[in-house]
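Notes follow the structure.
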2 protein chains.
Amino acid sequence: MLTIRSATIADCALIRRFIWELASYEKEPEKVQTTEADIARDGFGVDSQFRTLIAEWNAEPAGFALFFDYYSTWRGKGFYLEDLFVRPEFRGRGIGSALFARVARAAEQEGRSFIKWSVLDWNTPAINMYKALGAEFLDEWTSALLAGDSLRQLADKDLVERDS
Amino acid sequence: MLTIRSATIADCALIRRFIWELASYEKEPEKVQTTEADIARDGFGVDSQFRTLIAEWNAEPAGFALFFDYYSTWRGKGFYLEDLFVRPEFRGRGIGSALFARVARAAEQEGRSFIKWSVLDWNTPAINMYKALGAEFLDEWTSALLAGDSLRQLADKDLVERDS
């Protein structure tokens, strides 16, 4: 039997494990820099950055969804679904779409008009599930990221401009 | 002379105009569903969803940057840069990178380790600017969106599951 519940701070080790398992499925486990302590502080502290749902199958942890507020200047308030993951041994039981449906329900209840997320272009099973749900794929758009030294250099450029 | 300042609620009409001008440059002005009242409520109300910087050139409104908190389960706390726009007549003066630098400075000051954003794959001038800043392009990832009837149908699916 499937149950879906909101995560608590007692779930931080499990959430960190899920994040790592998803990154491993995505072939980039070494990219996970967050620790269990980060998850505790950022998900369950005074300035919470995200919400997490845990799916259990016969009381066994089977998967999770992690999401947060997002704003589109075209569409207004939405959610960003950062992670949606079901452990391989629990797949094929509708757990992924049940987690997604719970996020959709939260969006509707809170007046948020869309859910946005990203998918790896070779992850055909996920893409097919999303297509079946009616997702629109934003193929014309590419995501970009600035971090580390590049971010610091750009931040320092702002200081120079203010001094001059 | 360039100045960059935080927007106030008095800037809502200007911000809505900038959003529309950017969407027009992106060839989808009809996609802008947000109104000036939405911008006022969502950007400057009690539950603010985003922050906006305004660039002025000799006191003329020249461009804007609009961003909000974002969370990566790999990298932790970051910003999402939803919009970065400079009016055509003010381009070539470094205003775009100055706005971006100000967002980078805010990230550094607030302990946020990255900035993420999206760019249209045909927008070569923007892509070249981002590459020059050291941006990483996440070419393997595609963004997807669920909205409207598809979102409502999925939300209703959650109700059915809870009833059964």
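Each chain of the structure tokens is named A, B, ... in the order shown, its residues numbered from 1; ligands are numbered from 1 in display order.
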Which residues of stretch 6-65 of chain A sit at most 12 Å from stretch 108-129 of chain A, using only C-alpha atoms? Give each one's shortest atom pair and distance in Å (one decimal place), in chain and ascending residue order, as a tab-separated table.
residue	atom	partner	partner_atom	distance
A:Leu22	CA	A:Leu120	CA	11.7
A:Ala23	CA	A:Leu120	CA	11.2
A:Tyr25	CA	A:Asn123	CA	9.6
A:Glu26	CA	A:Leu120	CA	7.7
A:Lys27	CA	A:Leu120	CA	10.5
A:Glu28	CA	A:Leu120	CA	11.6
A:Ala65	CA	A:Trp117	CA	11.4
Name the residues of chain A that fall into alpha helix (DSSP H) according to DSSP on the backbone, using the chain letters and numbers of this document, as a compact mmCIF listing (two decimals) with all heavy atoms, in the first residue's frame.
# COMPACT_ATOMS: atom_id res chain seq x y z
N CYS A 12 16.14 13.53 7.22
CA CYS A 12 17.26 14.15 6.49
C CYS A 12 18.23 13.13 5.91
O CYS A 12 18.70 13.28 4.78
CB CYS A 12 18.00 15.14 7.37
SG CYS A 12 17.03 16.62 7.67
N ALA A 13 18.57 12.09 6.66
CA ALA A 13 19.50 11.07 6.16
C ALA A 13 18.88 10.36 4.95
O ALA A 13 19.55 10.10 3.95
CB ALA A 13 19.85 10.07 7.25
N LEU A 14 17.59 10.06 5.06
CA LEU A 14 16.89 9.40 3.95
C LEU A 14 16.84 10.31 2.72
O LEU A 14 17.10 9.85 1.59
CB LEU A 14 15.46 9.03 4.39
CG LEU A 14 14.56 8.46 3.30
CD1 LEU A 14 15.09 7.11 2.79
CD2 LEU A 14 13.12 8.31 3.82
N ILE A 15 16.55 11.59 2.92
CA ILE A 15 16.48 12.53 1.78
C ILE A 15 17.84 12.63 1.11
O ILE A 15 17.95 12.57 -0.12
CB ILE A 15 15.98 13.92 2.25
CG1 ILE A 15 14.52 13.83 2.73
CG2 ILE A 15 16.10 14.95 1.13
CD1 ILE A 15 14.04 15.05 3.49
N ARG A 16 18.89 12.78 1.92
CA ARG A 16 20.25 12.84 1.37
C ARG A 16 20.58 11.58 0.59
O ARG A 16 21.21 11.62 -0.46
CB ARG A 16 21.25 13.07 2.51
CG ARG A 16 22.73 13.06 2.11
CD ARG A 16 23.06 14.12 1.08
NE ARG A 16 24.48 14.17 0.75
CZ ARG A 16 25.14 13.22 0.09
NH1 ARG A 16 24.53 12.13 -0.30
NH2 ARG A 16 26.43 13.37 -0.18
N ARG A 17 20.13 10.44 1.09
CA ARG A 17 20.34 9.16 0.40
C ARG A 17 19.57 9.12 -0.93
O ARG A 17 20.11 8.72 -1.96
CB ARG A 17 19.87 8.01 1.32
CG ARG A 17 19.95 6.62 0.75
CD ARG A 17 21.37 6.09 0.80
NE ARG A 17 21.51 5.04 -0.20
CZ ARG A 17 22.66 4.44 -0.52
NH1 ARG A 17 23.80 4.79 0.08
NH2 ARG A 17 22.70 3.52 -1.44
N PHE A 18 18.32 9.58 -0.91
CA PHE A 18 17.52 9.66 -2.14
C PHE A 18 18.20 10.56 -3.18
O PHE A 18 18.25 10.24 -4.36
CB PHE A 18 16.12 10.21 -1.85
CG PHE A 18 15.11 9.21 -1.35
CD1 PHE A 18 14.13 9.61 -0.42
CD2 PHE A 18 15.07 7.89 -1.81
CE1 PHE A 18 13.16 8.72 0.02
CE2 PHE A 18 14.11 6.99 -1.35
CZ PHE A 18 13.15 7.41 -0.44
N ILE A 19 18.68 11.72 -2.71
CA ILE A 19 19.35 12.67 -3.62
C ILE A 19 20.53 11.98 -4.30
O ILE A 19 20.75 12.09 -5.50
CB ILE A 19 19.80 13.94 -2.86
CG1 ILE A 19 18.59 14.76 -2.42
CG2 ILE A 19 20.76 14.78 -3.69
CD1 ILE A 19 18.90 15.86 -1.40
N TRP A 20 21.29 11.23 -3.50
CA TRP A 20 22.46 10.52 -4.03
C TRP A 20 22.03 9.40 -4.99
O TRP A 20 22.64 9.23 -6.06
CB TRP A 20 23.29 9.96 -2.87
CG TRP A 20 24.57 9.37 -3.35
CD1 TRP A 20 25.75 10.02 -3.56
CD2 TRP A 20 24.78 7.99 -3.71
NE1 TRP A 20 26.69 9.13 -4.04
CE2 TRP A 20 26.12 7.88 -4.14
CE3 TRP A 20 23.98 6.85 -3.72
CZ2 TRP A 20 26.67 6.68 -4.58
CZ3 TRP A 20 24.52 5.65 -4.16
CH2 TRP A 20 25.85 5.57 -4.58
N GLU A 21 20.99 8.68 -4.65
CA GLU A 21 20.51 7.60 -5.54
C GLU A 21 20.02 8.18 -6.87
O GLU A 21 20.27 7.60 -7.93
CB GLU A 21 19.40 6.80 -4.86
CG GLU A 21 19.91 5.91 -3.72
CD GLU A 21 18.79 5.16 -2.98
OE1 GLU A 21 17.70 4.98 -3.55
OE2 GLU A 21 19.02 4.76 -1.83
N LEU A 22 19.32 9.31 -6.82
CA LEU A 22 18.86 9.95 -8.06
C LEU A 22 20.06 10.43 -8.89
O LEU A 22 20.12 10.21 -10.10
CB LEU A 22 17.91 11.12 -7.74
CG LEU A 22 17.47 11.99 -8.92
CD1 LEU A 22 16.83 11.16 -10.04
CD2 LEU A 22 16.50 13.08 -8.46
N ALA A 23 21.03 11.06 -8.24
CA ALA A 23 22.23 11.53 -8.96
C ALA A 23 23.00 10.36 -9.56
O ALA A 23 23.59 10.48 -10.64
CB ALA A 23 23.11 12.34 -8.01
N SER A 24 22.99 9.22 -8.88
CA SER A 24 23.65 8.02 -9.41
C SER A 24 22.93 7.53 -10.66
O SER A 24 23.56 7.17 -11.66
CB SER A 24 23.68 6.91 -8.36
OG SER A 24 24.41 7.35 -7.24
N TYR A 25 21.59 7.51 -10.60
CA TYR A 25 20.79 7.14 -11.78
C TYR A 25 21.10 8.10 -12.93
O TYR A 25 21.15 7.71 -14.10
CB TYR A 25 19.31 7.17 -11.42
CG TYR A 25 18.38 6.95 -12.58
CD1 TYR A 25 18.25 5.68 -13.16
CD2 TYR A 25 17.65 8.00 -13.12
CE1 TYR A 25 17.42 5.48 -14.25
CE2 TYR A 25 16.81 7.80 -14.21
CZ TYR A 25 16.70 6.55 -14.77
OH TYR A 25 15.87 6.35 -15.85
N GLU A 36 23.96 15.95 4.82
CA GLU A 36 22.75 15.77 5.63
C GLU A 36 22.48 17.04 6.46
O GLU A 36 21.33 17.45 6.61
CB GLU A 36 22.97 14.56 6.54
CG GLU A 36 21.71 14.05 7.21
CD GLU A 36 22.00 12.85 8.11
OE1 GLU A 36 22.84 11.99 7.75
OE2 GLU A 36 21.39 12.79 9.20
N ALA A 37 23.55 17.66 6.96
CA ALA A 37 23.40 18.89 7.76
C ALA A 37 22.83 20.03 6.90
O ALA A 37 22.01 20.83 7.37
CB ALA A 37 24.74 19.29 8.36
N ASP A 38 23.26 20.11 5.64
CA ASP A 38 22.71 21.12 4.73
C ASP A 38 21.21 20.91 4.54
O ASP A 38 20.43 21.88 4.56
CB ASP A 38 23.38 21.05 3.35
CG ASP A 38 24.85 21.44 3.37
OD1 ASP A 38 25.23 22.25 4.24
OD2 ASP A 38 25.61 20.92 2.53
N ILE A 39 20.83 19.66 4.34
CA ILE A 39 19.41 19.34 4.12
C ILE A 39 18.59 19.72 5.37
O ILE A 39 17.50 20.29 5.26
CB ILE A 39 19.24 17.83 3.80
CG1 ILE A 39 19.98 17.49 2.49
CG2 ILE A 39 17.76 17.44 3.72
CD1 ILE A 39 19.54 18.26 1.28
N ALA A 40 19.15 19.43 6.56
CA ALA A 40 18.45 19.77 7.81
C ALA A 40 18.26 21.28 7.93
O ALA A 40 17.16 21.77 8.21
CB ALA A 40 19.24 19.23 9.00
N ARG A 41 19.34 22.03 7.68
CA ARG A 41 19.28 23.49 7.81
C ARG A 41 18.40 24.12 6.73
O ARG A 41 17.56 24.98 7.01
CB ARG A 41 20.70 24.07 7.73
CG ARG A 41 20.79 25.56 7.97
CD ARG A 41 22.13 26.11 7.51
NE ARG A 41 22.31 25.84 6.09
CZ ARG A 41 23.42 25.37 5.54
NH1 ARG A 41 24.49 25.13 6.26
NH2 ARG A 41 23.48 25.14 4.22
N ASP A 42 18.59 23.68 5.48
CA ASP A 42 17.92 24.34 4.35
C ASP A 42 16.48 23.88 4.14
O ASP A 42 15.70 24.59 3.53
CB ASP A 42 18.73 24.11 3.06
CG ASP A 42 20.12 24.71 3.13
OD1 ASP A 42 20.35 25.58 3.98
OD2 ASP A 42 21.00 24.29 2.34
N GLY A 43 16.15 22.69 4.65
CA GLY A 43 14.79 22.18 4.44
C GLY A 43 13.91 22.28 5.67
O GLY A 43 12.68 22.28 5.56
N PHE A 44 14.54 22.36 6.85
CA PHE A 44 13.75 22.26 8.07
C PHE A 44 14.13 23.31 9.11
O PHE A 44 13.72 23.23 10.26
CB PHE A 44 13.88 20.85 8.66
CG PHE A 44 13.50 19.77 7.66
CD1 PHE A 44 14.47 19.18 6.86
CD2 PHE A 44 12.18 19.39 7.49
CE1 PHE A 44 14.12 18.21 5.91
CE2 PHE A 44 11.82 18.44 6.55
CZ PHE A 44 12.79 17.84 5.76
N ILE A 95 3.96 5.20 -8.39
CA ILE A 95 4.41 6.02 -7.26
C ILE A 95 4.90 7.39 -7.73
O ILE A 95 4.61 8.42 -7.10
CB ILE A 95 5.50 5.27 -6.45
CG1 ILE A 95 4.93 3.96 -5.90
CG2 ILE A 95 6.06 6.15 -5.34
CD1 ILE A 95 5.95 3.07 -5.21
N GLY A 96 5.62 7.42 -8.85
CA GLY A 96 6.10 8.69 -9.40
C GLY A 96 4.96 9.64 -9.74
O GLY A 96 4.97 10.80 -9.34
N SER A 97 3.95 9.12 -10.43
CA SER A 97 2.85 10.02 -10.79
C SER A 97 2.00 10.38 -9.57
O SER A 97 1.43 11.47 -9.51
CB SER A 97 2.00 9.48 -11.94
OG SER A 97 1.52 8.21 -11.65
N ALA A 98 1.95 9.49 -8.56
CA ALA A 98 1.23 9.84 -7.32
C ALA A 98 1.94 10.98 -6.57
O ALA A 98 1.29 11.89 -6.05
CB ALA A 98 1.10 8.61 -6.42
N LEU A 99 3.28 10.92 -6.53
CA LEU A 99 4.04 12.02 -5.92
C LEU A 99 3.80 13.32 -6.69
O LEU A 99 3.56 14.38 -6.11
CB LEU A 99 5.54 11.69 -5.91
CG LEU A 99 6.05 10.79 -4.80
CD1 LEU A 99 7.45 10.26 -5.13
CD2 LEU A 99 6.09 11.54 -3.46
N PHE A 100 3.86 13.22 -8.01
CA PHE A 100 3.67 14.39 -8.87
C PHE A 100 2.25 14.96 -8.66
O PHE A 100 2.06 16.18 -8.57
CB PHE A 100 3.87 13.98 -10.32
CG PHE A 100 4.36 15.09 -11.21
CD1 PHE A 100 5.17 14.81 -12.30
CD2 PHE A 100 4.03 16.41 -10.98
CE1 PHE A 100 5.62 15.83 -13.13
CE2 PHE A 100 4.49 17.43 -11.81
CZ PHE A 100 5.28 17.13 -12.89
N ALA A 101 1.27 14.07 -8.54
CA ALA A 101 -0.12 14.51 -8.33
C ALA A 101 -0.26 15.26 -7.01
O ALA A 101 -1.01 16.24 -6.91
CB ALA A 101 -1.07 13.32 -8.37
N ARG A 102 0.47 14.81 -5.99
CA ARG A 102 0.41 15.49 -4.69
C ARG A 102 0.99 16.90 -4.80
O ARG A 102 0.48 17.85 -4.19
CB ARG A 102 1.15 14.66 -3.63
CG ARG A 102 0.97 15.11 -2.20
CD ARG A 102 -0.47 15.04 -1.70
NE ARG A 102 -1.08 13.74 -1.82
CZ ARG A 102 -1.13 12.80 -0.86
NH1 ARG A 102 -0.58 13.06 0.31
NH2 ARG A 102 -1.72 11.65 -1.06
N VAL A 103 2.07 17.06 -5.58
CA VAL A 103 2.65 18.40 -5.81
C VAL A 103 1.65 19.27 -6.59
O VAL A 103 1.45 20.45 -6.26
CB VAL A 103 4.00 18.31 -6.55
CG1 VAL A 103 4.59 19.70 -6.80
CG2 VAL A 103 5.00 17.46 -5.75
N ALA A 104 1.00 18.68 -7.58
CA ALA A 104 -0.01 19.41 -8.37
C ALA A 104 -1.15 19.87 -7.48
O ALA A 104 -1.67 20.98 -7.61
CB ALA A 104 -0.53 18.52 -9.50
N ARG A 105 -1.55 19.01 -6.55
CA ARG A 105 -2.63 19.34 -5.62
C ARG A 105 -2.22 20.53 -4.74
O ARG A 105 -3.01 21.46 -4.52
CB ARG A 105 -2.94 18.12 -4.75
CG ARG A 105 -4.14 18.28 -3.85
CD ARG A 105 -5.44 18.08 -4.61
NE ARG A 105 -6.57 18.63 -3.88
CZ ARG A 105 -7.56 19.32 -4.43
NH1 ARG A 105 -7.60 19.53 -5.73
NH2 ARG A 105 -8.53 19.79 -3.69
N ALA A 106 -0.99 20.50 -4.25
CA ALA A 106 -0.48 21.62 -3.44
C ALA A 106 -0.47 22.91 -4.26
O ALA A 106 -0.84 23.97 -3.77
CB ALA A 106 0.92 21.30 -2.92
N ALA A 107 -0.06 22.81 -5.53
CA ALA A 107 -0.05 23.99 -6.40
C ALA A 107 -1.46 24.56 -6.52
O ALA A 107 -1.66 25.77 -6.35
CB ALA A 107 0.49 23.62 -7.78
N GLU A 108 -2.43 23.69 -6.77
CA GLU A 108 -3.81 24.16 -6.92
C GLU A 108 -4.32 24.80 -5.63
O GLU A 108 -4.93 25.87 -5.66
CB GLU A 108 -4.70 22.99 -7.34
CG GLU A 108 -6.00 23.45 -7.92
CD GLU A 108 -6.67 22.41 -8.80
OE1 GLU A 108 -7.34 21.50 -8.24
OE2 GLU A 108 -6.51 22.47 -10.01
N GLN A 109 -4.02 24.16 -4.50
CA GLN A 109 -4.49 24.69 -3.22
C GLN A 109 -3.87 26.04 -2.88
O GLN A 109 -4.46 26.84 -2.16
CB GLN A 109 -4.18 23.68 -2.10
CG GLN A 109 -5.10 22.47 -2.13
CD GLN A 109 -4.67 21.39 -1.15
OE1 GLN A 109 -3.50 21.30 -0.80
NE2 GLN A 109 -5.62 20.57 -0.72
N THR A 124 14.34 8.54 -21.17
CA THR A 124 13.09 8.27 -21.91
C THR A 124 11.93 7.83 -21.02
O THR A 124 10.80 8.30 -21.22
CB THR A 124 13.35 7.24 -23.02
OG1 THR A 124 14.55 7.62 -23.69
CG2 THR A 124 12.22 7.22 -24.02
N PRO A 125 12.14 6.94 -20.04
CA PRO A 125 10.99 6.55 -19.20
C PRO A 125 10.34 7.75 -18.51
O PRO A 125 9.12 7.88 -18.48
CB PRO A 125 11.61 5.59 -18.17
CG PRO A 125 12.88 5.10 -18.79
CD PRO A 125 13.37 6.21 -19.67
N ALA A 126 11.18 8.65 -17.98
CA ALA A 126 10.64 9.84 -17.31
C ALA A 126 9.94 10.74 -18.32
O ALA A 126 8.83 11.23 -18.08
CB ALA A 126 11.77 10.60 -16.60
N ILE A 127 10.58 10.96 -19.47
CA ILE A 127 9.99 11.84 -20.50
C ILE A 127 8.62 11.31 -20.93
O ILE A 127 7.66 12.08 -21.06
CB ILE A 127 10.96 12.00 -21.69
CG1 ILE A 127 12.18 12.83 -21.27
CG2 ILE A 127 10.26 12.64 -22.90
CD1 ILE A 127 13.34 12.83 -22.25
N ASN A 128 8.53 10.00 -21.10
CA ASN A 128 7.24 9.40 -21.51
C ASN A 128 6.17 9.60 -20.45
O ASN A 128 5.01 9.89 -20.76
CB ASN A 128 7.42 7.92 -21.83
CG ASN A 128 8.19 7.73 -23.14
OD1 ASN A 128 8.29 8.65 -23.96
ND2 ASN A 128 8.76 6.55 -23.33
N MET A 129 6.56 9.44 -19.17
CA MET A 129 5.60 9.67 -18.10
C MET A 129 5.12 11.13 -18.11
O MET A 129 3.93 11.41 -18.01
CB MET A 129 6.23 9.35 -16.74
CG MET A 129 5.28 9.60 -15.55
SD MET A 129 6.07 9.37 -13.92
CE MET A 129 6.03 11.04 -13.26
N TYR A 130 6.07 12.07 -18.28
CA TYR A 130 5.71 13.49 -18.28
C TYR A 130 4.81 13.82 -19.49
O TYR A 130 3.86 14.60 -19.37
CB TYR A 130 6.96 14.37 -18.29
CG TYR A 130 7.83 14.19 -17.06
CD1 TYR A 130 9.22 14.21 -17.14
CD2 TYR A 130 7.26 14.00 -15.80
CE1 TYR A 130 10.02 14.06 -16.01
CE2 TYR A 130 8.05 13.84 -14.67
CZ TYR A 130 9.43 13.87 -14.78
OH TYR A 130 10.21 13.71 -13.68
N LYS A 131 5.11 13.23 -20.64
CA LYS A 131 4.27 13.47 -21.83
C LYS A 131 2.86 12.97 -21.60
O LYS A 131 1.89 13.64 -21.96
CB LYS A 131 4.88 12.79 -23.06
CG LYS A 131 6.02 13.58 -23.64
CD LYS A 131 6.48 13.05 -25.00
CE LYS A 131 7.58 13.94 -25.57
NZ LYS A 131 8.43 13.26 -26.55
N ALA A 132 2.74 11.81 -20.96
CA ALA A 132 1.42 11.23 -20.68
C ALA A 132 0.61 12.14 -19.75
O ALA A 132 -0.62 12.15 -19.80
CB ALA A 132 1.57 9.84 -20.08
N GLY A 148 31.16 29.01 -8.49
CA GLY A 148 32.59 28.92 -8.18
C GLY A 148 33.36 30.19 -8.52
O GLY A 148 32.90 31.30 -8.28
N ASP A 149 34.55 30.02 -9.10
CA ASP A 149 35.42 31.15 -9.42
C ASP A 149 34.76 32.15 -10.36
O ASP A 149 34.92 33.36 -10.22
CB ASP A 149 36.73 30.66 -10.06
CG ASP A 149 37.64 30.00 -9.03
OD1 ASP A 149 37.42 30.22 -7.82
OD2 ASP A 149 38.57 29.28 -9.44
N SER A 150 33.99 31.64 -11.35
CA SER A 150 33.34 32.53 -12.31
C SER A 150 32.35 33.46 -11.61
O SER A 150 32.25 34.65 -11.93
CB SER A 150 32.62 31.73 -13.39
OG SER A 150 33.54 30.96 -14.12
N LEU A 151 31.60 32.89 -10.65
CA LEU A 151 30.64 33.71 -9.89
C LEU A 151 31.38 34.75 -9.05
O LEU A 151 30.99 35.92 -9.01
CB LEU A 151 29.77 32.81 -9.00
CG LEU A 151 28.67 33.52 -8.22
CD1 LEU A 151 27.60 34.06 -9.16
CD2 LEU A 151 28.02 32.59 -7.20
N ARG A 152 32.46 34.33 -8.38
CA ARG A 152 33.23 35.25 -7.53
C ARG A 152 33.82 36.39 -8.37
O ARG A 152 33.80 37.55 -7.97
CB ARG A 152 34.33 34.50 -6.79
CG ARG A 152 33.86 33.91 -5.46
CD ARG A 152 35.01 33.30 -4.67
NE ARG A 152 35.54 32.10 -5.33
CZ ARG A 152 35.00 30.88 -5.21
NH1 ARG A 152 33.93 30.69 -4.45
NH2 ARG A 152 35.53 29.85 -5.84
N GLN A 153 34.38 36.04 -9.54
CA GLN A 153 34.96 37.07 -10.40
C GLN A 153 33.92 38.09 -10.84
O GLN A 153 34.18 39.29 -10.87
CB GLN A 153 35.60 36.42 -11.64
CG GLN A 153 37.01 35.89 -11.35
CD GLN A 153 37.48 34.89 -12.40
OE1 GLN A 153 36.97 34.88 -13.52
NE2 GLN A 153 38.43 34.05 -12.04
N LEU A 154 32.72 37.59 -11.17
CA LEU A 154 31.67 38.50 -11.59
C LEU A 154 31.22 39.39 -10.42
O LEU A 154 31.00 40.59 -10.58
CB LEU A 154 30.48 37.71 -12.16
CG LEU A 154 29.35 38.55 -12.76
CD1 LEU A 154 29.85 39.42 -13.90
CD2 LEU A 154 28.22 37.66 -13.24
N ALA A 155 31.11 38.79 -9.22
CA ALA A 155 30.73 39.56 -8.03
C ALA A 155 31.77 40.65 -7.75
O ALA A 155 31.42 41.78 -7.39
CB ALA A 155 30.58 38.63 -6.83
N ASP A 156 33.04 40.33 -7.93
CA ASP A 156 34.11 41.31 -7.69
C ASP A 156 34.05 42.46 -8.71
O ASP A 156 34.37 43.59 -8.38
CB ASP A 156 35.48 40.63 -7.76
CG ASP A 156 35.71 39.72 -6.57
OD1 ASP A 156 34.93 39.81 -5.59
OD2 ASP A 156 36.64 38.90 -6.61
N LYS A 157 33.63 42.14 -9.92
CA LYS A 157 33.48 43.14 -10.97
C LYS A 157 32.48 44.23 -10.50
O LYS A 157 32.68 45.41 -10.77
CB LYS A 157 32.96 42.45 -12.23
CG LYS A 157 33.00 43.28 -13.49
CD LYS A 157 32.82 42.37 -14.71
CE LYS A 157 32.62 43.18 -15.98
NZ LYS A 157 31.28 43.73 -16.15
N ASP A 158 31.46 43.82 -9.78
CA ASP A 158 30.48 44.78 -9.27
C ASP A 158 31.14 45.74 -8.28
O ASP A 158 30.88 46.93 -8.30
CB ASP A 158 29.31 44.04 -8.60
CG ASP A 158 28.24 45.02 -8.09
OD1 ASP A 158 27.82 45.88 -8.89
OD2 ASP A 158 27.85 44.91 -6.93
N LEU A 159 32.02 45.22 -7.43
CA LEU A 159 32.74 46.08 -6.47
C LEU A 159 33.57 47.12 -7.18
O LEU A 159 33.54 48.30 -6.83
CB LEU A 159 33.66 45.22 -5.59
CG LEU A 159 33.01 44.50 -4.42
CD1 LEU A 159 34.07 43.84 -3.58
CD2 LEU A 159 32.20 45.49 -3.58
N VAL A 160 34.29 46.70 -8.20
CA VAL A 160 35.15 47.62 -8.96
C VAL A 160 34.31 48.75 -9.54
O VAL A 160 34.63 49.92 -9.43
CB VAL A 160 35.87 46.85 -10.08
CG1 VAL A 160 36.61 47.82 -11.01
CG2 VAL A 160 36.85 45.83 -9.49
N GLU A 161 33.16 48.34 -10.13
CA GLU A 161 32.31 49.37 -10.75
C GLU A 161 31.79 50.38 -9.73
O GLU A 161 31.65 51.56 -10.03
CB GLU A 161 31.12 48.69 -11.44
CG GLU A 161 31.54 48.17 -12.80
CD GLU A 161 30.52 47.22 -13.40
OE1 GLU A 161 29.46 47.05 -12.80
OE2 GLU A 161 30.81 46.66 -14.46
N ARG A 162 31.49 49.89 -8.52
CA ARG A 162 30.97 50.83 -7.52
C ARG A 162 32.05 51.76 -7.00
O ARG A 162 31.78 52.89 -6.63
CB ARG A 162 30.36 50.05 -6.35
CG ARG A 162 28.97 49.58 -6.72
CD ARG A 162 28.15 49.31 -5.50
NE ARG A 162 27.97 47.87 -5.35
CZ ARG A 162 27.17 47.34 -4.44
NH1 ARG A 162 26.53 48.09 -3.59
NH2 ARG A 162 27.02 46.04 -4.37
N ASP A 163 33.30 51.27 -6.97
CA ASP A 163 34.39 52.09 -6.45
C ASP A 163 34.77 53.20 -7.43
O ASP A 163 35.19 54.28 -7.02
CB ASP A 163 35.63 51.21 -6.19
CG ASP A 163 35.42 50.29 -5.00
OD1 ASP A 163 34.44 50.54 -4.25
OD2 ASP A 163 36.19 49.35 -4.82
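Closest approach to chain B among A:Phe90, A:Phe79, A:Phe67, A:Trp74 is made by A:Trp74 (distances from only C-alpha atoms).
With only C-alpha atoms as the basis for measurement, B:Val32 is the residue among B:Ala55, B:Val32, B:Ala62, B:Leu81 that approaches chain A most closely.
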Note to self: Counting only C-alpha atoms, which residue out of B:Asn58, B:Ser48, B:Gly63, B:Gly92 sits closest to chain A?
What the structure shows: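 Using only C-alpha atoms, chain A sits closest to B:Ser48.
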Next item on the list: Enumerate as an NGL selection string all residues of stretch 19-130 of chain B assigned to strand (DSSP E) by DSSP on the backbone, naming them with the chain letters and numbers the document uses.
Entry: :B and (51-57 or 60-72 or 76-86 or 114-120)
Next item on the list: Find, counting only C-alpha atoms, the residue in B:Asp11, B:Glu89, B:Asp47, B:Asp69 that gets nearest to chain A.
Entry: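 For chain A, the nearest of the given residues is B:Asp69.
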